[in-house]
$ cat structure.txt   # compact mmCIF, C-alpha atoms and all ligand atoms
# COMPACT_ATOMS: atom_id res chain seq x y z
CA MET R 1360 212.98 -41.58 29.78
CA LYS R 1361 212.07 -42.37 26.16
CA PRO R 1362 214.66 -44.29 24.08
CA GLU R 1363 216.68 -41.80 22.13
CA ASN R 1364 216.20 -41.70 18.40
CA PRO R 1365 217.85 -38.61 16.90
CA PRO R 1366 215.56 -37.26 14.21
CA GLU R 1367 216.79 -36.84 10.63
CA GLU R 1368 214.29 -34.04 10.15
CA PRO R 1369 215.36 -30.44 10.88
CA HIS R 1370 215.05 -29.83 14.61
CA ARG R 1371 216.51 -27.66 17.32
CA ARG R 1372 218.34 -28.71 20.46
CA PHE R 1373 218.62 -26.94 23.79
CA ASN R 1374 221.95 -26.12 25.44
CA PRO R 1375 221.24 -26.19 29.20
CA LEU R 1376 224.61 -24.53 29.95
CA THR R 1377 223.90 -21.37 27.96
CA ARG R 1378 220.12 -21.80 27.70
CA GLU R 1379 220.32 -21.18 23.97
CA TRP R 1380 219.11 -23.28 21.04
CA VAL R 1381 221.01 -24.75 18.08
CA LEU R 1382 219.34 -25.67 14.77
CA VAL R 1383 220.25 -29.17 13.48
CA SER R 1384 219.72 -29.95 9.77
CA PRO R 1385 221.22 -33.42 9.14
CA HIS R 1386 220.00 -33.64 5.53
CA ARG R 1387 222.17 -30.66 4.50
CA SER R 1388 225.52 -32.34 5.08
CA GLN R 1389 225.86 -33.56 1.48
CA ARG R 1390 225.42 -30.18 -0.18
CA PRO R 1391 228.11 -29.18 -2.70
CA TRP R 1392 230.89 -26.79 -1.73
CA LEU R 1393 232.22 -24.30 -4.28
CA GLY R 1394 233.46 -21.76 -1.77
CA HIS R 1395 236.75 -20.93 -0.13
CA LEU R 1396 239.23 -23.71 0.65
CA GLU R 1397 241.64 -23.27 3.56
CA ALA R 1398 245.29 -24.14 3.10
CA ALA R 1399 245.86 -27.43 4.94
CA ALA R 1400 247.87 -26.88 8.12
CA VAL R 1401 251.50 -27.90 7.88
CA SER R 1402 253.46 -28.71 11.03
CA PRO R 1403 256.68 -26.77 11.59
CA ALA R 1404 259.59 -29.07 10.86
CA LEU R 1405 262.28 -27.60 13.09
CA PRO R 1406 262.57 -27.88 16.90
CA TYR R 1407 264.07 -24.37 17.08
CA ASP R 1408 263.16 -21.30 15.03
CA PRO R 1409 265.49 -18.31 15.42
CA GLY R 1410 262.64 -16.00 14.34
CA CYS R 1411 260.12 -17.32 16.91
CA TYR R 1412 259.28 -15.01 19.83
CA LEU R 1413 258.42 -18.01 22.04
CA CYS R 1414 261.49 -20.23 21.51
CA PRO R 1415 263.98 -20.36 24.45
CA GLY R 1416 266.65 -17.65 24.43
CA ASN R 1417 264.90 -15.55 21.74
CA GLU R 1418 263.95 -11.88 21.93
CA ARG R 1419 260.31 -10.85 22.07
CA ALA R 1420 258.64 -7.71 20.72
CA GLY R 1421 259.51 -4.87 23.07
CA GLY R 1422 262.96 -6.24 23.81
CA ALA R 1423 262.42 -8.81 26.59
CA ARG R 1424 264.41 -12.03 26.13
CA ASN R 1425 263.03 -15.50 26.95
CA PRO R 1426 265.11 -17.60 29.35
CA ARG R 1427 266.57 -20.87 28.06
CA TYR R 1428 263.60 -22.72 29.57
CA GLU R 1429 263.54 -26.52 29.48
CA THR R 1430 259.92 -27.38 30.31
CA THR R 1431 257.28 -24.61 30.44
CA PHE R 1432 257.54 -20.81 30.52
CA VAL R 1433 254.99 -18.16 31.54
CA PHE R 1434 255.24 -14.41 30.87
CA THR R 1435 252.94 -11.40 30.94
CA ASN R 1436 251.62 -10.73 27.43
CA ASP R 1437 253.62 -7.88 25.88
CA PHE R 1438 250.40 -6.68 24.21
CA ALA R 1439 248.04 -7.40 27.11
CA ALA R 1440 244.36 -6.62 26.54
CA LEU R 1441 243.92 -6.12 30.28
CA ARG R 1442 246.02 -4.27 32.82
CA PRO R 1443 245.95 -4.51 36.63
CA ASP R 1444 246.28 -0.76 37.23
CA VAL R 1445 243.28 0.83 35.49
CA GLN R 1446 241.45 3.65 37.18
CA ALA R 1447 237.98 2.73 38.46
CA MET R 1448 235.26 4.26 36.23
CA ARG R 1449 231.60 3.72 35.42
CA GLN R 1450 229.57 6.04 33.29
CA ASP R 1451 226.40 6.30 31.28
CA GLU R 1452 225.93 9.61 29.53
CA SER R 1453 222.39 8.64 28.57
CA GLY R 1454 221.29 7.81 32.12
CA ARG R 1455 219.32 4.84 30.79
CA GLY R 1456 222.00 2.30 29.93
CA LEU R 1457 222.38 3.30 26.27
CA LEU R 1458 225.97 4.51 26.55
CA LEU R 1459 227.18 2.48 29.48
CA SER R 1460 230.89 1.80 30.05
CA GLU R 1461 233.00 0.79 33.00
CA SER R 1462 236.64 0.08 33.80
CA GLU R 1463 237.89 -3.49 33.60
CA ALA R 1464 241.06 -4.51 35.43
CA GLY R 1465 242.95 -7.74 34.84
CA THR R 1466 246.03 -9.33 33.34
CA CYS R 1467 247.05 -11.43 30.34
CA ARG R 1468 249.78 -14.06 30.28
CA VAL R 1469 251.25 -16.39 27.69
CA VAL R 1470 252.05 -20.01 28.64
CA CYS R 1471 254.65 -21.86 26.55
CA PHE R 1472 253.91 -25.59 26.79
CA ALA R 1473 257.35 -26.80 25.68
CA PRO R 1474 260.70 -25.43 24.52
CA ARG R 1475 260.42 -27.31 21.22
CA HIS R 1476 258.92 -25.23 18.42
CA ASP R 1477 257.72 -28.29 16.46
CA LEU R 1478 255.61 -29.93 19.20
CA THR R 1479 251.88 -29.80 19.92
CA LEU R 1480 249.96 -31.23 22.89
CA ALA R 1481 249.19 -34.29 20.74
CA ARG R 1482 252.92 -34.92 20.20
CA MET R 1483 254.00 -34.36 23.82
CA THR R 1484 254.23 -37.16 26.41
CA VAL R 1485 251.65 -37.50 29.21
CA PRO R 1486 254.23 -36.45 31.87
CA GLU R 1487 255.10 -33.37 29.76
CA ILE R 1488 251.41 -32.45 29.42
CA THR R 1489 250.97 -33.05 33.17
CA GLY R 1490 253.64 -30.35 33.64
CA VAL R 1491 251.42 -27.99 31.61
CA VAL R 1492 248.36 -28.93 33.73
CA ASP R 1493 250.40 -28.13 36.87
CA VAL R 1494 251.30 -24.71 35.44
CA TRP R 1495 247.63 -24.02 34.56
CA ALA R 1496 246.61 -24.98 38.13
CA GLN R 1497 249.36 -22.85 39.68
CA GLN R 1498 248.49 -19.87 37.44
CA TYR R 1499 244.75 -20.21 38.19
CA HIS R 1500 245.58 -20.04 41.88
CA GLU R 1501 248.17 -17.26 41.61
CA ILE R 1502 246.29 -14.98 39.19
CA GLY R 1503 242.98 -15.73 40.90
CA SER R 1504 244.47 -14.47 44.17
CA LEU R 1505 245.33 -11.05 42.69
CA PRO R 1506 243.18 -8.15 43.84
CA ASN R 1507 240.66 -7.25 41.13
CA VAL R 1508 240.78 -10.68 39.46
CA ASN R 1509 237.53 -12.60 39.77
CA TYR R 1510 237.68 -14.84 36.72
CA VAL R 1511 240.66 -16.64 35.15
CA GLN R 1512 240.16 -17.77 31.53
CA ILE R 1513 242.77 -20.33 30.44
CA PHE R 1514 242.67 -21.13 26.71
CA GLU R 1515 244.57 -22.30 23.66
CA ASN R 1516 244.11 -21.10 20.09
CA ARG R 1517 245.62 -23.68 17.79
CA GLY R 1518 246.31 -23.12 14.13
CA GLU R 1519 246.47 -20.20 11.76
CA ILE R 1520 242.80 -20.69 10.85
CA MET R 1521 241.95 -19.81 14.49
CA GLY R 1522 244.00 -16.63 14.36
CA CYS R 1523 246.94 -18.16 16.19
CA SER R 1524 250.00 -16.12 15.31
CA ASN R 1525 252.69 -18.70 16.04
CA PRO R 1526 252.86 -22.53 15.80
CA HIS R 1527 255.09 -22.77 18.88
CA PRO R 1528 253.05 -24.81 21.45
CA HIS R 1529 251.46 -22.23 23.72
CA GLY R 1530 248.26 -21.00 25.27
CA GLN R 1531 247.05 -17.85 26.95
CA ILE R 1532 245.43 -16.74 30.18
CA TRP R 1533 243.22 -13.66 30.35
CA ALA R 1534 241.97 -12.78 33.80
CA ASN R 1535 239.21 -10.28 34.54
CA GLN R 1536 237.63 -8.29 37.25
CA THR R 1537 234.17 -9.31 36.01
CA ILE R 1538 232.93 -12.69 34.87
CA PRO R 1539 232.94 -12.71 31.05
CA ASN R 1540 229.79 -13.49 29.02
CA GLU R 1541 230.17 -17.24 28.37
CA PRO R 1542 231.12 -18.35 31.90
CA ARG R 1543 228.50 -15.97 33.30
CA LYS R 1544 225.74 -17.66 31.28
CA GLU R 1545 227.02 -21.07 32.41
CA GLN R 1546 227.21 -19.94 36.01
CA GLU R 1547 223.60 -18.71 36.01
CA SER R 1548 222.38 -21.96 34.42
CA GLN R 1549 224.33 -24.18 36.82
CA GLN R 1550 223.08 -22.13 39.76
CA ALA R 1551 219.44 -22.33 38.65
CA TYR R 1552 219.73 -26.07 37.98
CA LEU R 1553 221.26 -26.70 41.41
CA GLU R 1554 218.54 -24.72 43.14
CA LYS R 1555 215.79 -26.50 41.26
CA ASN R 1556 217.10 -30.07 41.34
CA ARG R 1557 219.48 -30.13 44.33
CA SER R 1558 222.09 -31.73 42.06
CA CYS R 1559 224.78 -30.58 39.62
CA LEU R 1560 223.82 -29.96 35.99
CA LEU R 1561 227.01 -31.45 34.53
CA CYS R 1562 227.19 -34.40 36.98
CA ASP R 1563 223.64 -35.32 35.93
CA TYR R 1564 224.43 -34.72 32.25
CA LEU R 1565 227.55 -36.91 32.27
CA GLN R 1566 225.68 -39.73 33.99
CA LEU R 1567 223.01 -39.58 31.29
CA GLU R 1568 225.51 -39.52 28.40
CA ALA R 1569 227.53 -42.41 29.86
CA LYS R 1570 224.35 -44.50 29.95
CA ILE R 1571 223.26 -43.59 26.40
CA GLY R 1572 226.77 -43.93 24.95
CA THR R 1573 226.18 -42.55 21.44
CA ARG R 1574 227.88 -39.19 22.04
CA MET R 1575 230.82 -40.46 24.13
CA VAL R 1576 234.22 -40.11 22.46
CA LEU R 1577 236.63 -41.45 25.07
CA ASP R 1578 237.22 -41.53 28.80
CA ASN R 1579 239.57 -42.53 31.57
CA ALA R 1580 239.33 -42.93 35.35
CA HIS R 1581 238.77 -39.22 36.07
CA PHE R 1582 237.57 -37.53 32.85
CA ALA R 1583 235.20 -38.11 29.93
CA ALA R 1584 235.15 -36.48 26.48
CA LEU R 1585 231.90 -36.33 24.50
CA VAL R 1586 230.26 -34.43 21.67
CA PRO R 1587 227.51 -32.59 23.56
CA PHE R 1588 223.87 -33.08 22.54
CA TRP R 1589 223.77 -29.34 21.75
CA ALA R 1590 227.16 -29.05 19.96
CA VAL R 1591 227.43 -26.16 17.49
CA TRP R 1592 230.83 -26.84 15.90
CA PRO R 1593 231.01 -30.03 13.77
CA PHE R 1594 233.55 -31.82 15.98
CA GLU R 1595 233.00 -29.87 19.18
CA VAL R 1596 233.94 -31.74 22.38
CA LEU R 1597 233.02 -31.20 26.01
CA LEU R 1598 235.61 -32.57 28.44
CA LEU R 1599 234.16 -33.25 31.88
CA ALA R 1600 235.67 -34.12 35.24
CA ARG R 1601 233.93 -37.21 36.65
CA ARG R 1602 234.23 -35.86 40.19
CA HIS R 1603 232.21 -32.78 41.09
CA THR R 1604 234.91 -30.18 41.53
CA GLY R 1605 234.99 -26.52 40.58
CA ASP R 1606 238.49 -25.78 39.35
CA ILE R 1607 241.77 -27.09 37.99
CA ALA R 1608 243.74 -26.24 41.15
CA SER R 1609 241.61 -28.67 43.16
CA LEU R 1610 242.73 -31.66 41.07
CA ASP R 1611 245.10 -34.01 42.88
CA PRO R 1612 248.30 -35.29 41.18
CA VAL R 1613 246.63 -38.46 39.87
CA GLU R 1614 243.73 -36.44 38.40
CA ARG R 1615 246.16 -34.00 36.78
CA SER R 1616 247.94 -36.82 35.05
CA SER R 1617 244.54 -38.22 34.00
CA LEU R 1618 243.63 -34.83 32.52
CA ALA R 1619 246.93 -34.84 30.60
CA ASP R 1620 246.16 -38.37 29.37
CA ILE R 1621 242.72 -37.46 28.01
CA PHE R 1622 244.16 -34.31 26.39
CA LYS R 1623 246.71 -36.45 24.57
CA GLN R 1624 244.11 -39.04 23.54
CA LEU R 1625 241.66 -36.44 22.28
CA THR R 1626 244.16 -34.23 20.41
CA THR R 1627 245.68 -37.35 18.82
CA ARG R 1628 242.27 -38.38 17.47
CA TYR R 1629 241.63 -34.83 16.30
CA ASP R 1630 244.93 -34.88 14.34
CA ASN R 1631 244.05 -38.29 12.92
CA LEU R 1632 240.64 -37.09 11.65
CA PHE R 1633 242.05 -35.32 8.58
CA GLU R 1634 245.74 -36.23 9.10
CA ILE R 1635 246.76 -32.69 9.87
CA SER R 1636 247.70 -30.78 13.01
CA PHE R 1637 244.06 -30.10 13.93
CA PRO R 1638 243.08 -26.49 14.67
CA TYR R 1639 240.77 -25.57 17.55
CA SER R 1640 240.04 -23.11 20.30
CA MET R 1641 240.07 -24.84 23.66
CA GLY R 1642 239.44 -23.39 27.10
CA PHE R 1643 238.50 -24.31 30.65
CA HIS R 1644 235.36 -23.09 32.37
CA GLN R 1645 235.64 -23.14 36.14
CA SER R 1646 234.76 -21.39 39.38
CA PRO R 1647 235.25 -17.63 39.57
CA THR R 1648 238.01 -16.54 41.95
CA ASP R 1649 235.81 -14.00 43.75
CA GLY R 1650 236.22 -15.57 47.18
CA GLU R 1651 232.65 -16.94 47.18
CA ALA R 1652 231.76 -20.63 47.49
CA HIS R 1653 230.58 -21.90 44.11
CA PRO R 1654 228.96 -25.31 44.68
CA GLU R 1655 227.22 -24.99 41.28
CA TRP R 1656 230.43 -24.97 39.23
CA HIS R 1657 231.61 -28.21 37.57
CA PHE R 1658 235.12 -28.01 36.08
CA HIS R 1659 235.17 -28.68 32.31
CA ALA R 1660 236.82 -27.77 29.01
CA HIS R 1661 235.28 -26.92 25.63
CA PHE R 1662 237.03 -27.75 22.36
CA TYR R 1663 235.70 -25.74 19.38
CA PRO R 1664 237.36 -26.88 16.13
CA PRO R 1665 236.41 -24.98 12.96
CA LEU R 1666 236.88 -27.76 10.38
CA LEU R 1667 233.86 -29.41 8.80
CA ARG R 1668 234.40 -31.94 6.05
CA SER R 1669 238.11 -31.99 5.34
CA ALA R 1670 241.37 -30.28 6.20
CA THR R 1671 240.39 -27.46 3.84
CA ILE R 1672 236.63 -27.01 4.34
CA ARG R 1673 235.70 -25.09 7.45
CA LYS R 1674 232.43 -24.23 9.05
CA PHE R 1675 231.55 -20.56 8.76
CA MET R 1676 229.46 -18.89 11.44
CA VAL R 1677 227.83 -16.36 9.13
CA GLY R 1678 224.42 -15.37 7.78
CA TYR R 1679 221.76 -17.21 9.76
CA GLU R 1680 224.25 -18.04 12.52
CA MET R 1681 225.24 -14.39 12.97
CA LEU R 1682 221.75 -13.05 12.67
CA ALA R 1683 219.55 -15.73 14.15
CA SER R 1684 220.90 -18.91 15.73
CA PRO R 1685 223.78 -21.37 15.35
CA GLN R 1686 223.13 -24.27 12.97
CA ARG R 1687 224.87 -27.57 12.23
CA ASP R 1688 224.61 -30.26 9.55
CA ILE R 1689 226.23 -33.50 10.70
CA THR R 1690 224.63 -34.67 13.92
CA PRO R 1691 226.58 -34.78 17.19
CA GLU R 1692 226.00 -38.56 17.20
CA VAL R 1693 227.71 -39.00 13.79
CA ALA R 1694 230.58 -36.71 14.85
CA ALA R 1695 231.08 -38.64 18.10
CA ALA R 1696 231.12 -42.01 16.31
CA THR R 1697 233.64 -40.66 13.78
CA LEU R 1698 235.99 -39.43 16.52
CA ARG R 1699 235.50 -42.56 18.63
CA ASN R 1700 236.51 -44.85 15.77
CA LEU R 1701 239.79 -43.09 15.01
CA SER R 1702 243.13 -44.60 16.03
CA GLY R 1703 244.64 -43.60 19.36
CA THR R 1704 248.10 -43.62 17.76
CA HIS R 1705 249.14 -40.39 16.05
CA TYR R 1706 249.28 -40.67 12.25
CA ALA R 1707 252.80 -39.24 12.17
CA GLU R 1708 254.00 -42.10 14.38
CA LEU R 1709 252.24 -44.67 12.20
CA LYS R 1710 254.01 -43.27 9.15
CA LEU R 1711 257.49 -43.59 10.64
CA PRO R 1712 259.67 -46.00 8.63
P1 LIG V 1801 248.14 -16.25 19.66
O1 LIG V 1801 248.61 -17.59 19.96
O2 LIG V 1801 246.64 -16.23 19.78
O3 LIG V 1801 248.62 -15.72 18.39
O4 LIG V 1801 248.73 -15.31 20.82
C1 LIG V 1801 250.08 -15.08 21.04
C2 LIG V 1801 250.15 -13.97 22.05
O5 LIG V 1801 251.51 -13.61 22.25
C3 LIG V 1801 249.44 -12.70 21.59
O6 LIG V 1801 248.41 -12.42 22.50
C4 LIG V 1801 251.60 -12.22 22.47
C5 LIG V 1801 250.53 -11.62 21.60
O7 LIG V 1801 250.05 -10.44 22.19
N1 LIG V 1801 252.96 -11.78 22.14
C6 LIG V 1801 253.78 -11.29 23.15
O8 LIG V 1801 253.35 -11.19 24.30
N2 LIG V 1801 255.08 -10.95 22.86
C7 LIG V 1801 255.64 -11.02 21.61
O9 LIG V 1801 256.81 -10.76 21.44
C8 LIG V 1801 254.78 -11.39 20.46
C9 LIG V 1801 253.40 -11.86 20.77
ZN ZN V 1802 259.31 -21.35 18.77
$ encode --input "structure.txt" --output "structure tokens" --more "lines below"
Ligand code: H2U
Ligand code: ZN
Amino acid sequence: MKPENPPEEPHRRFNPLTREWVLVSPHRSQRPWLGHLEAAAVSPALPYDPGCYLCPGNERAGGARNPRYETTFVFTNDFAALRPDVQAMRQDESGRGLLLSESEAGTCRVVCFAPRHDLTLARMTVPEITGVVDVWAQQYHEIGSLPNVNYVQIFENRGEIMGCSNPHPHGQIWANQTIPNEPRKEQESQQAYLEKNRSCLLCDYLQLEAKIGTRMVLDNAHFAALVPFWAVWPFEVLLLARRHTGDIASLDPVERSSLADIFKQLTTRYDNLFEISFPYSMGFHQSPTDGEAHPEWHFHAHFYPPLLRSATIRKFMVGYEMLASPQRDITPEVAAATLRNLSGTHYAELKLP
């Protein structure tokens, strides 16, 4: 293996999980910005909001009322994109795949992480976050066992800039009959890598990154967080289980608490980056629940934050990115060093009198 020396010249990098390329142009990061500025995120001040459809005891759209929950709370999305009871259908009027459609069964749930409206994962305790991990594991198992559910996508959209409609700490679960595009690409790549090398793609990748060190952000006994070599978003992070395991339900109690710990550490550093409640889309990628053995799958999470240079300047995926290929300016190595060097204590706690 040659010593790594990331080039400053424009270059492209390969993502072995999706088998797609990203263009890296480090010299562009200083270009002036005269475009749109986002409003900086402000954290909700109050622990209870009478107008919030996720706070305990409140009414939701459609008339259901939340219980006075004290830890976590899961309900079926009142505006679910997927339903369990769709009629089976597959058609192609053209006969050659030009007008192909088929039915898709599934379900959508909302997971409230905490009763307090003003919290975020970064501001919750590790035991509280462990409670959320337990709910994710239980839901993965329960929803994955439903007939017609073969893939369970657990995710969190944080912040208005990500299209999140409510600051109350919560995530969602959408579960499908088919394997959606992103996990399907990853599944095919992991399968091909396993067949070719007789080892796991992400086990091998983590070993390599731990040795090199420049893209590591933080780690603990069971998990590691790094900015992947092929990151698209400026401060994108890949969170990897150290042990080769396929899904969240297979984590033992110590590993679940370790996952909660690294979540807290990472989201704290994210908040400290621009001293705001940091927006992102986060989700787990894990084994399908189709009843097959999936030795190729390595449990992991992706964090895709949209912010680029400040709390108000975001990265847009437009133009070349939409029409050709994703592109980034600051290198993954610079982003990793920036995140690594941030304090592990939340800025709001440091500012307390
Ligand atoms: P966001 O965090 O991405 O805004 O999602 C919140 C979800 O909550 C959204 O999918 C659902 C919306 O359909 N919701 C309900 O299920 N009931 C409500 O009363 C309002 C919103
Ligand atoms: Zn609320």
$ residues_near_ligand --input "structure.txt" --ligand "ligand ZN 1802 (chain V)" --cutoff "6 Å" --atoms "all atoms listed in the file" --output "PyMOL selection string"
chain R and resi 1407-1408+1411+1413-1414+1476+1527
$ residues_around --input "structure.txt" --residues "Leu1701 in chain R" --least-positions-apart "3" --cutoff "7 Å" --atoms "only C-alpha atoms" --output "list in words"
Arg1628, Asn1631, Leu1632, Thr1697 and Leu1698 of chain R
$ closest_residue --input "structure.txt" --among "R:Val1383, R:Val1492, R:Val1445, R:Val1469" --to "ligand LIG 1801 (chain V)" --atoms "all atoms listed in the file"
R:Val1469
$ closest_atom_pairs --input "structure.txt" --of "range 1613-1674 of chain R" --to "range 1588-1607 of chain R" --cutoff "7 Å" --atoms "all atoms listed in the file" --output "tab-separated table"
residue	atom	partner	partner_atom	distance
R:Gln1645	CA	R:Asp1606	CA	5.0
R:Ser1646	CA	R:Gly1605	CA	5.3
R:Trp1656	CA	R:Gly1605	CA	5.0
R:His1657	CA	R:Gly1605	CA	4.8
R:Phe1658	CA	R:Gly1605	CA	4.7
R:His1659	CA	R:Leu1599	CA	4.7
R:Ala1660	CA	R:Leu1598	CA	5.0
R:His1661	CA	R:Leu1597	CA	4.9
R:Phe1662	CA	R:Val1596	CA	5.0
R:Tyr1663	CA	R:Glu1595	CA	4.9
R:Pro1664	CA	R:Glu1595	CA	6.1
R:Pro1665	CA	R:Trp1592	CA	6.6
R:Leu1667	CA	R:Pro1593	CA	5.8
$ write_last_selection --input "structure.txt" --atoms "C-alpha atoms" --output "JSON list (two decimals), in the frame of the given file"
[["chain", "number", "residue", "atom", "x", "y", "z"],
["R", 1645, "GLN", "CA", 235.64, -23.14, 36.14],
["R", 1646, "SER", "CA", 234.76, -21.39, 39.38],
["R", 1656, "TRP", "CA", 230.43, -24.97, 39.23],
["R", 1657, "HIS", "CA", 231.61, -28.21, 37.57],
["R", 1658, "PHE", "CA", 235.12, -28.01, 36.08],
["R", 1659, "HIS", "CA", 235.17, -28.68, 32.31],
["R", 1660, "ALA", "CA", 236.82, -27.77, 29.01],
["R", 1661, "HIS", "CA", 235.28, -26.92, 25.63],
["R", 1662, "PHE", "CA", 237.03, -27.75, 22.36],
["R", 1663, "TYR", "CA", 235.70, -25.74, 19.38],
["R", 1664, "PRO", "CA", 237.36, -26.88, 16.13],
["R", 1665, "PRO", "CA", 236.41, -24.98, 12.96],
["R", 1667, "LEU", "CA", 233.86, -29.41, 8.80]]
$ atom_distance --input "structure.txt" --atom1 "CA of Leu1505 in chain R" --atom2 "CA of Leu1610 in chain R"
20.8 Å
$ closest_atom_pairs --input "structure.txt" --of "chain R" --to "ligand LIG 1801 (chain V)" --cutoff "6 Å" --atoms "only C-alpha atoms and all ligand atoms" --output "CSV"
residue,atom,partner,partner_atom,distance
R:Tyr1412,CA,V:LIG1801,O9,5.2
R:Arg1419,CA,V:LIG1801,O9,3.6
R:Ala1420,CA,V:LIG1801,O9,3.6
R:Asn1436,CA,V:LIG1801,O8,3.6
R:Asp1437,CA,V:LIG1801,O8,3.7
R:Phe1438,CA,V:LIG1801,O7,4.3
R:Asn1516,CA,V:LIG1801,O2,5.5
R:Cys1523,CA,V:LIG1801,O3,3.7
R:Ser1524,CA,V:LIG1801,O3,3.4
R:Asn1525,CA,V:LIG1801,O3,5.6
$ atom_distance --input "structure.txt" --atom1 "CA of Arg1482 in chain R" --atom2 "CA of Ser1640 in chain R"
17.5 Å
$ atom_distance --input "structure.txt" --atom1 "CA of Ala1696 in chain R" --atom2 "CA of Leu1585 in chain R"
10.0 Å
$ residues_around --input "structure.txt" --residues "range 1380-1382 of chain R" --least-positions-apart "5" --cutoff "9 Å" --atoms "only C-alpha atoms" --output "JSON, numbers by chain"
{"R": [1369, 1370, 1371, 1372, 1373, 1374, 1375, 1589, 1590, 1591, 1684, 1685, 1686, 1687, 1688]}
$ write_last_selection --input "structure.txt" --atoms "C-alpha atoms" --output "PDB file, in the frame of the given file"
ATOM      1  CA  PRO R1369     215.360 -30.440  10.880  1.00  0.00           C
ATOM      2  CA  HIS R1370     215.050 -29.830  14.610  1.00  0.00           C
ATOM      3  CA  ARG R1371     216.510 -27.660  17.320  1.00  0.00           C
ATOM      4  CA  ARG R1372     218.340 -28.710  20.460  1.00  0.00           C
ATOM      5  CA  PHE R1373     218.620 -26.940  23.790  1.00  0.00           C
ATOM      6  CA  ASN R1374     221.950 -26.120  25.440  1.00  0.00           C
ATOM      7  CA  PRO R1375     221.240 -26.190  29.200  1.00  0.00           C
ATOM      8  CA  TRP R1589     223.770 -29.340  21.750  1.00  0.00           C
ATOM      9  CA  ALA R1590     227.160 -29.050  19.960  1.00  0.00           C
ATOM     10  CA  VAL R1591     227.430 -26.160  17.490  1.00  0.00           C
ATOM     11  CA  SER R1684     220.900 -18.910  15.730  1.00  0.00           C
ATOM     12  CA  PRO R1685     223.780 -21.370  15.350  1.00  0.00           C
ATOM     13  CA  GLN R1686     223.130 -24.270  12.970  1.00  0.00           C
ATOM     14  CA  ARG R1687     224.870 -27.570  12.230  1.00  0.00           C
ATOM     15  CA  ASP R1688     224.610 -30.260   9.550  1.00  0.00           C
TER      16      ASP R1688
END
$ closest_residue --input "structure.txt" --among "R:Leu1457, R:Leu1480, R:Trp1495, R:Ile1520" --to "Lys1674 in chain R" --atoms "all atoms listed in the file"
R:Ile1520
$ closest_residue --input "structure.txt" --among "R:Asp1630, R:Glu1545, R:Asp1477, R:Glu1418" --to "Leu1561 in chain R" --atoms "all atoms listed in the file"
R:Glu1545
$ closest_residue --input "structure.txt" --among "R:Pro1506, R:Pro1654, R:Gly1642, R:Pro1406" --to "Ala1551 in chain R" --atoms "all atoms listed in the file"
R:Pro1654
$ closest_residue --input "structure.txt" --among "R:Asn1540, R:Ser1617, R:Ser1669, R:Gln1512" --to "His1500 in chain R" --atoms "only C-alpha atoms"
R:Gln1512
$ closest_residue --input "structure.txt" --among "R:Phe1675, R:Phe1622, R:Tyr1629, R:Phe1582" --to "Ala1695 in chain R" --atoms "only C-alpha atoms"
R:Tyr1629
$ residues_near_point --input "structure.txt" --point "(248.8, -35.7, 34.4)" --cutoff "7 Å" --atoms "all atoms listed in the file" --output "PyMOL selection string"
chain R and resi 1485-1486+1488-1489+1492+1612-1620
